[in-house]
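Undergrad: Compact mmCIF, C-alpha atoms, saved as target.txt, coming up:
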# COMPACT_ATOMS: atom_id res chain seq x y z
CA MET A 1 24.80 15.57 16.69
CA SER A 2 27.84 14.59 18.75
CA MET A 3 28.77 18.17 19.63
CA SER A 4 25.31 18.87 21.08
CA GLY A 5 25.00 18.65 24.84
CA ASN A 6 21.39 17.51 24.49
CA CYS A 7 22.56 14.56 22.39
CA TYR A 8 25.54 13.89 24.64
CA LYS A 9 23.18 13.36 27.58
CA LEU A 10 21.82 10.26 25.86
CA ARG A 11 25.22 8.90 24.87
CA LEU A 12 26.43 9.26 28.46
CA LEU A 13 23.42 7.50 29.97
CA LEU A 14 23.38 4.73 27.35
CA GLU A 15 27.07 4.04 27.95
CA GLN A 16 26.63 4.03 31.72
CA LEU A 17 23.65 1.67 31.38
CA GLY A 18 25.62 -0.61 29.06
CA ARG A 19 22.82 -0.51 26.51
CA ASP A 20 23.30 -1.39 22.85
CA TYR A 21 22.34 1.38 20.45
CA ARG A 22 23.09 2.71 16.98
CA TRP A 23 24.13 6.36 16.74
CA ILE A 24 23.09 8.20 13.57
CA GLU A 25 24.92 11.50 13.23
CA VAL A 26 22.73 14.44 12.14
CA ASP A 27 24.25 17.90 11.70
CA SER A 28 21.54 20.38 12.60
CA ALA A 29 23.91 23.30 11.96
CA ARG A 30 23.94 22.27 8.28
CA GLY A 31 20.18 21.88 7.97
CA GLU A 32 20.01 18.10 8.27
CA THR A 33 17.13 18.30 10.76
CA ARG A 34 14.99 20.17 8.22
CA THR A 35 14.82 17.42 5.60
CA PRO A 36 11.45 15.79 4.87
CA ALA A 37 12.74 12.45 6.23
CA PHE A 38 13.82 13.96 9.54
CA LEU A 39 10.73 16.14 9.93
CA ALA A 40 8.58 13.04 9.45
CA ARG A 41 10.16 11.70 12.64
CA ASN A 42 10.25 15.01 14.56
CA PRO A 43 8.17 17.84 13.10
CA ASN A 44 9.97 20.22 15.50
CA GLY A 45 13.17 19.62 13.53
CA ARG A 46 15.50 19.09 16.48
CA VAL A 47 17.94 16.51 17.74
CA PRO A 48 18.08 14.25 19.60
CA LEU A 49 15.41 11.69 18.95
CA ILE A 50 15.31 8.00 19.69
CA GLU A 51 13.63 5.54 17.33
CA LEU A 52 12.75 2.05 18.55
CA GLU A 53 12.84 -1.06 16.41
CA ASP A 54 9.03 -1.03 16.26
CA GLY A 55 9.08 2.49 14.75
CA ARG A 56 8.06 4.47 17.83
CA VAL A 57 9.87 7.79 18.17
CA LEU A 58 10.54 9.82 21.30
CA VAL A 59 11.91 13.37 21.23
CA GLU A 60 13.16 15.91 23.79
CA SER A 61 16.41 14.96 25.50
CA ASN A 62 15.18 14.95 29.08
CA ALA A 63 12.08 12.93 28.24
CA ILE A 64 14.36 10.38 26.57
CA LEU A 65 16.60 10.33 29.66
CA CYS A 66 13.55 9.52 31.82
CA TRP A 67 12.46 6.73 29.51
CA LEU A 68 15.90 5.16 29.22
CA ALA A 69 16.51 5.33 32.97
CA GLU A 70 13.12 3.96 34.02
CA GLY A 71 13.59 1.15 36.52
CA THR A 72 17.30 1.80 37.04
CA GLY A 73 19.32 3.39 39.81
CA PHE A 74 19.61 6.57 37.78
CA VAL A 75 16.05 7.49 38.82
CA PRO A 76 15.40 8.00 42.56
CA ALA A 77 13.13 5.34 44.05
CA ASP A 78 11.44 7.86 46.34
CA ALA A 79 8.57 9.78 44.72
CA TRP A 80 9.62 13.10 46.26
CA GLN A 81 13.21 12.70 45.05
CA ARG A 82 11.95 11.75 41.58
CA ALA A 83 9.99 14.99 41.54
CA GLN A 84 13.14 16.83 42.60
CA ALA A 85 15.00 15.26 39.69
CA LEU A 86 12.29 16.41 37.30
CA SER A 87 12.38 19.88 38.84
CA TRP A 88 16.10 20.19 38.07
CA MET A 89 15.58 18.82 34.57
CA PHE A 90 12.89 21.43 33.89
CA PHE A 91 15.27 24.04 35.32
CA GLU A 92 17.96 22.84 32.93
CA GLN A 93 15.76 23.28 29.88
CA TYR A 94 14.09 26.53 30.95
CA SER A 95 16.70 28.48 32.95
CA HIS A 96 20.05 26.94 32.01
CA GLU A 97 20.25 25.53 28.48
CA PRO A 98 18.65 28.57 26.73
CA TYR A 99 21.54 30.73 27.94
CA ILE A 100 24.61 28.55 28.47
CA ALA A 101 24.07 26.32 25.45
CA VAL A 102 22.97 29.16 23.17
CA ALA A 103 26.03 31.24 24.06
CA ARG A 104 28.18 28.22 23.17
CA PHE A 105 26.34 27.79 19.87
CA ILE A 106 26.70 31.44 18.90
CA ARG A 107 30.45 31.44 19.62
CA GLY A 108 31.19 28.12 17.93
CA TRP A 109 28.66 27.71 15.16
CA THR A 110 27.89 31.19 13.80
CA PRO A 111 30.23 33.39 11.73
CA ALA A 112 32.58 35.73 13.56
CA ASP A 113 30.62 38.72 12.23
CA SER A 114 27.20 37.29 13.11
CA PRO A 115 24.81 39.87 14.57
CA ARG A 116 23.81 37.18 17.07
CA ARG A 117 27.03 37.87 18.97
CA ALA A 118 25.30 40.95 20.32
CA GLU A 119 23.17 38.55 22.38
CA LEU A 120 26.16 37.22 24.33
CA PRO A 121 26.19 39.73 27.24
CA ARG A 122 22.54 39.04 28.09
CA LEU A 123 22.96 35.29 27.65
CA ARG A 124 25.92 35.32 30.01
CA GLU A 125 24.06 37.36 32.59
CA ARG A 126 21.21 34.85 32.64
CA GLY A 127 23.56 31.89 32.44
CA HIS A 128 25.48 33.09 35.48
CA GLN A 129 22.17 33.32 37.34
CA ALA A 130 21.56 29.64 36.61
CA LEU A 131 25.08 28.68 37.65
CA ALA A 132 24.63 30.58 40.92
CA VAL A 133 21.47 28.56 41.65
CA MET A 134 23.41 25.34 41.08
CA GLU A 135 26.33 26.50 43.23
CA ARG A 136 23.96 27.33 46.07
CA HIS A 137 22.34 23.88 45.90
CA LEU A 138 25.74 22.19 45.99
CA GLN A 139 26.60 23.88 49.28
CA SER A 140 24.59 21.18 51.04
CA ALA A 141 24.42 18.32 48.55
CA ASP A 142 26.76 16.28 46.37
CA TRP A 143 24.14 15.58 43.69
CA PHE A 144 21.02 17.24 42.30
CA ALA A 145 18.35 14.74 43.37
CA GLY A 146 18.75 12.48 46.37
CA ALA A 147 21.94 10.99 47.68
CA ALA A 148 23.21 9.53 44.41
CA TYR A 149 24.16 10.46 40.86
CA GLY A 150 21.27 10.27 38.41
CA ILE A 151 19.49 11.71 35.43
CA ALA A 152 19.25 15.23 36.89
CA ASP A 153 23.05 15.32 37.11
CA ILE A 154 23.40 14.03 33.56
CA ALA A 155 20.97 16.67 32.28
CA LEU A 156 22.87 19.49 33.99
CA PHE A 157 26.36 18.16 33.30
CA ALA A 158 25.86 18.15 29.53
CA TYR A 159 26.14 21.89 29.00
CA THR A 160 27.66 22.95 32.32
CA HIS A 161 30.93 21.11 31.73
CA CYS A 162 31.49 22.96 28.44
CA ALA A 163 30.13 26.32 29.60
CA GLY A 164 33.58 27.79 29.00
CA ASP A 165 32.87 27.50 25.26
CA GLY A 166 30.17 30.11 25.77
CA GLY A 167 32.49 32.42 27.68
CA PHE A 168 31.52 31.38 31.21
CA ASP A 169 34.35 31.23 33.76
CA LEU A 170 33.55 28.28 36.01
CA SER A 171 36.43 29.02 38.37
CA ALA A 172 34.01 31.31 40.21
CA TYR A 173 31.92 28.24 41.11
CA PRO A 174 34.11 25.86 43.13
CA ARG A 175 31.24 23.61 44.19
CA ILE A 176 30.19 23.17 40.60
CA GLY A 177 33.81 22.32 39.83
CA GLY A 178 33.80 19.61 42.48
CA TRP A 179 30.51 18.22 41.21
CA LEU A 180 31.85 18.08 37.63
CA GLU A 181 34.76 15.97 38.87
CA ARG A 182 32.39 13.65 40.75
CA VAL A 183 30.38 13.13 37.56
CA ARG A 184 33.55 12.37 35.59
CA ALA A 185 34.46 9.75 38.20
CA THR A 186 31.18 7.81 37.87
CA PRO A 187 31.39 4.27 36.44
CA GLY A 188 31.16 4.09 32.67
CA PHE A 189 31.59 7.83 32.18
CA VAL A 190 32.44 8.91 28.62
CA PRO A 191 33.39 12.48 27.65
CA MET A 192 31.64 14.51 25.00
CA PRO A 193 33.47 14.11 21.67
CA PRO A 194 35.64 17.12 20.77
CA VAL A 195 34.20 19.80 18.53
CA ASP A 196 35.36 19.94 14.93
CA ASP A 197 38.20 22.14 13.72
CA GLU A 198 35.89 24.83 12.36
CA ALA A 199 34.08 25.25 15.67
CA THR A 200 37.37 25.09 17.59
CA ALA A 201 38.72 27.98 15.53
CA ARG A 202 35.62 30.08 16.17
CA LEU A 203 35.65 29.34 19.88
CA ALA A 204 39.22 30.65 20.03
CA LEU A 205 38.11 34.07 18.79
CA THR A 206 37.40 36.89 21.20
CA ASP A 207 33.85 38.20 21.23
In structure tokens, how does this file's structure come out?

TA:
Amino acid sequence: MSMSGNCYKLRLLLEQLGRDYRWIEVDSARGETRTPAFLARNPNGRVPLIELEDGRVLVESNAILCWLAEGTGFVPADAWQRAQALSWMFFEQYSHEPYIAVARFIRGWTPADSPRRAELPRLRERGHQALAVMERHLQSADWFAGAAYGIADIALFAYTHCAGDGGFDLSAYPRIGGWLERVRATPGFVPMPPVDDEATARLALTD
């Protein structure tokens, strides 16, 4: 699903690796991850997943990032720095994505009168806590694991760069802003595709 940050992570890494791949668009918002064919590949009914030519399937975006990046410069060579990368990737899925990405989803992919909009204040409170942790780290580092850009940065960039869609004002986090620009300047960078017109219209609404 091109508008999903979790899927965008893989597109960004694949493009920066120069790897050939075939992208199959699946719209989870319209129930396409709940079909028998999709559930046979991922019983959890979520995108993204990667399917190899031999039929093997791997799910969970950050696990796929690790597999794709194995043996490349996107994974720190030092064992301690690799563990730091994993630590930030677990942080992204546990303390960041459930708030920043979910706020974005509620604003852009649920009806304007959805009762889920009542969740937004709490989601933003927790999301700002995650952003503050990132801002503090960036006081003394340019990247999130080691001295170079890698999979931890890709994992965190995916939903941080579009946090404004969820109602987060990133101007309060200047170090995050600088880091976002550094990511955009990396070789082979590709932006997330724009959201569709329906989501754009919803995102323009006030809460």

Undergrad: Per residue of stretch 122-193 of chain A within 10 Å of stretch 68-74 of chain A, record the nearest atom pair and its distance in Å to one decimal, counting only C-alpha atoms, with rows in chain order and ascending residue number, as a Markdown table.

TA:
| residue | atom | partner | partner_atom | distance |
| --- | --- | --- | --- | --- |
| A:Ala145 | CA | A:Phe74 | CA | 10.0 |
| A:Ala148 | CA | A:Phe74 | CA | 8.1 |
| A:Tyr149 | CA | A:Phe74 | CA | 6.7 |
| A:Gly150 | CA | A:Phe74 | CA | 4.1 |
| A:Ile151 | CA | A:Phe74 | CA | 5.7 |
| A:Ala152 | CA | A:Phe74 | CA | 8.7 |
| A:Asp153 | CA | A:Phe74 | CA | 9.4 |
| A:Ile154 | CA | A:Phe74 | CA | 9.4 |

Undergrad: Excluding A:Gly18 and its own-chain neighbours fewer than 2 positions away, which residues fall within 12 Å of it when counting all atoms listed in the file? Please give them as an MDAnalysis selection string.

TA: chainID A and resid 10:16 20:21 68:69 72 187:190

Undergrad: In Å, how far is it from atom CA of A:Asp196 to atom CA of A:Val57?

TA: 28.4 Å

Undergrad: Give me, as a list in words, all polymer residues having an atom no more than 10 Å from A:Gln139, counting all atoms listed in the file and skipping those fewer than 6 positions away in the same chain.

TA: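 Within the cut-off, the hits are Pro174, Arg175 and Ile176 of chain A.
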
Undergrad: Distance atom CA of A:Phe90-atom CA of A:Tyr173, one decimal place?

TA: 21.5 Å

Undergrad: For the atom pair atom CA of A:Gly45 and atom CA of A:Arg107, what is the interatomic distance in Å to one decimal place?

TA: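 Calculated distance between atom CA of A:Gly45 and atom CA of A:Arg107 is 21.8 Å.
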
Undergrad: Would you mind listing what lies within 12 Å of A:Met134 as JSON, numbers by chain, with only C-alpha atoms counted and same-chain residues fewer than 2 positions away left out?

TA: {"A": [88, 91, 92, 95, 96, 127, 128, 129, 130, 131, 132, 136, 137, 138, 139, 140, 141, 142, 143, 144, 145, 152, 153, 156, 157, 160, 170, 173, 174, 175, 176, 177, 178, 179, 180]}

Undergrad: Point out the residue among A:Leu52, A:Ala199, A:Val26, A:Leu58 with the least atom-to-atom distance to A:Ile106, counting all atoms listed in the file.

TA: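 Closest to A:Ile106, using all atoms listed in the file: A:Ala199.
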
Undergrad: Enclose the full set of atoms of stretch 108-126 of chain A listed in the file within a box whose edges lie along x, y and z, apply 4 Å of padding to each of the six sides, and report centre and edge lengths in Å to one decimal as lines of an AutoDock Vina configuration file.

TA:
center_x = 26.9
center_y = 34.3
center_z = 22.2
size_x = 19.4
size_y = 21.2
size_z = 28.9

Undergrad: If we count all atoms listed in the file, what is near A:Ile50 at a cut-off of 12 Å, once residues fewer than 5 positions away on the same chain are taken out, given as a list in words?

TA: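 Everything that qualifies: Cys7, Leu10, Arg11, Leu14, Tyr21, Arg22, Trp23, Ile24, Phe38, Arg41, Asn42, Gly55, Arg56, Val57, Leu58, Val59, Glu60, Ser61, Asn62, Ala63, Ile64, Leu65, Trp67 and Leu68 of chain A.
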
Undergrad: Which residue, A:Ala85, A:Gly166, A:Met1, A:Ala118, has the smallest gap to A:Arg30 when you use all atoms listed in the file?

TA: A:Met1

Undergrad: Write out as number ranges by chain which residues come within 7 Å of A:Tyr99 when counting only C-alpha atoms, dropping same-chain ones fewer than 4 positions away.

TA: A: 103, 123-124, 126-127

Undergrad: Write to file, as a compact mmCIF listing (two decimals), in the frame of the given file, the residues of the selection just made, with C-alpha atoms.

TA:
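Wrote it out as selection-v7.txt, contents follow:
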# COMPACT_ATOMS: atom_id res chain seq x y z
CA ALA A 103 26.03 31.24 24.06
CA LEU A 123 22.96 35.29 27.65
CA ARG A 124 25.92 35.32 30.01
CA ARG A 126 21.21 34.85 32.64
CA GLY A 127 23.56 31.89 32.44

Undergrad: Between A:Ala155, A:Asp54, A:Gly164, A:Thr33, which is the closest to A:Ser87 once you count only C-alpha atoms?

TA: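 Looking only at the distances to A:Ser87, the closest residue turns out to be A:Ala155.
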
Undergrad: From the list A:Thr186, A:Ser114, A:Gly108, A:Asp27, which residue is nearest A:Glu198 when using only C-alpha atoms?

TA: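 Once distances to A:Glu198 are computed over only C-alpha atoms, the minimum belongs to A:Gly108.
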
Undergrad: Pull the neighbourhood of (28.9, 21.0, 19.6) for me: all residues within 9 Å in file coordinates, counting only C-alpha atoms, as a PDB file with C-alpha atoms, in the frame of the given file.

TA:
ATOM      1  CA  MET A   1      24.800  15.570  16.690  1.00  0.00           C
ATOM      2  CA  SER A   2      27.840  14.590  18.750  1.00  0.00           C
ATOM      3  CA  MET A   3      28.770  18.170  19.630  1.00  0.00           C
ATOM      4  CA  SER A   4      25.310  18.870  21.080  1.00  0.00           C
ATOM      5  CA  GLY A   5      25.000  18.650  24.840  1.00  0.00           C
ATOM      6  CA  ARG A 104      28.180  28.220  23.170  1.00  0.00           C
ATOM      7  CA  PHE A 105      26.340  27.790  19.870  1.00  0.00           C
ATOM      8  CA  GLY A 108      31.190  28.120  17.930  1.00  0.00           C
ATOM      9  CA  TRP A 109      28.660  27.710  15.160  1.00  0.00           C
ATOM     10  CA  MET A 192      31.640  14.510  25.000  1.00  0.00           C
ATOM     11  CA  PRO A 193      33.470  14.110  21.670  1.00  0.00           C
ATOM     12  CA  PRO A 194      35.640  17.120  20.770  1.00  0.00           C
ATOM     13  CA  VAL A 195      34.200  19.800  18.530  1.00  0.00           C
ATOM     14  CA  ASP A 196      35.360  19.940  14.930  1.00  0.00           C
ATOM     15  CA  ALA A 199      34.080  25.250  15.670  1.00  0.00           C
TER      16      ALA A 199
END

Undergrad: Measuring atom to atom with all atoms listed in the file, identify which of A:Ala112, A:Asn6, A:Phe168, A:His161 is nearest to A:Thr206.

TA: A:Ala112

Undergrad: Select, from A:Ala29, A:Ala37, A:Leu203, A:Val183, the residue with the minimum atom-to-atom distance to A:Gly167, counting only C-alpha atoms.

TA: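 Smallest separation from A:Gly167 among the options: A:Leu203.
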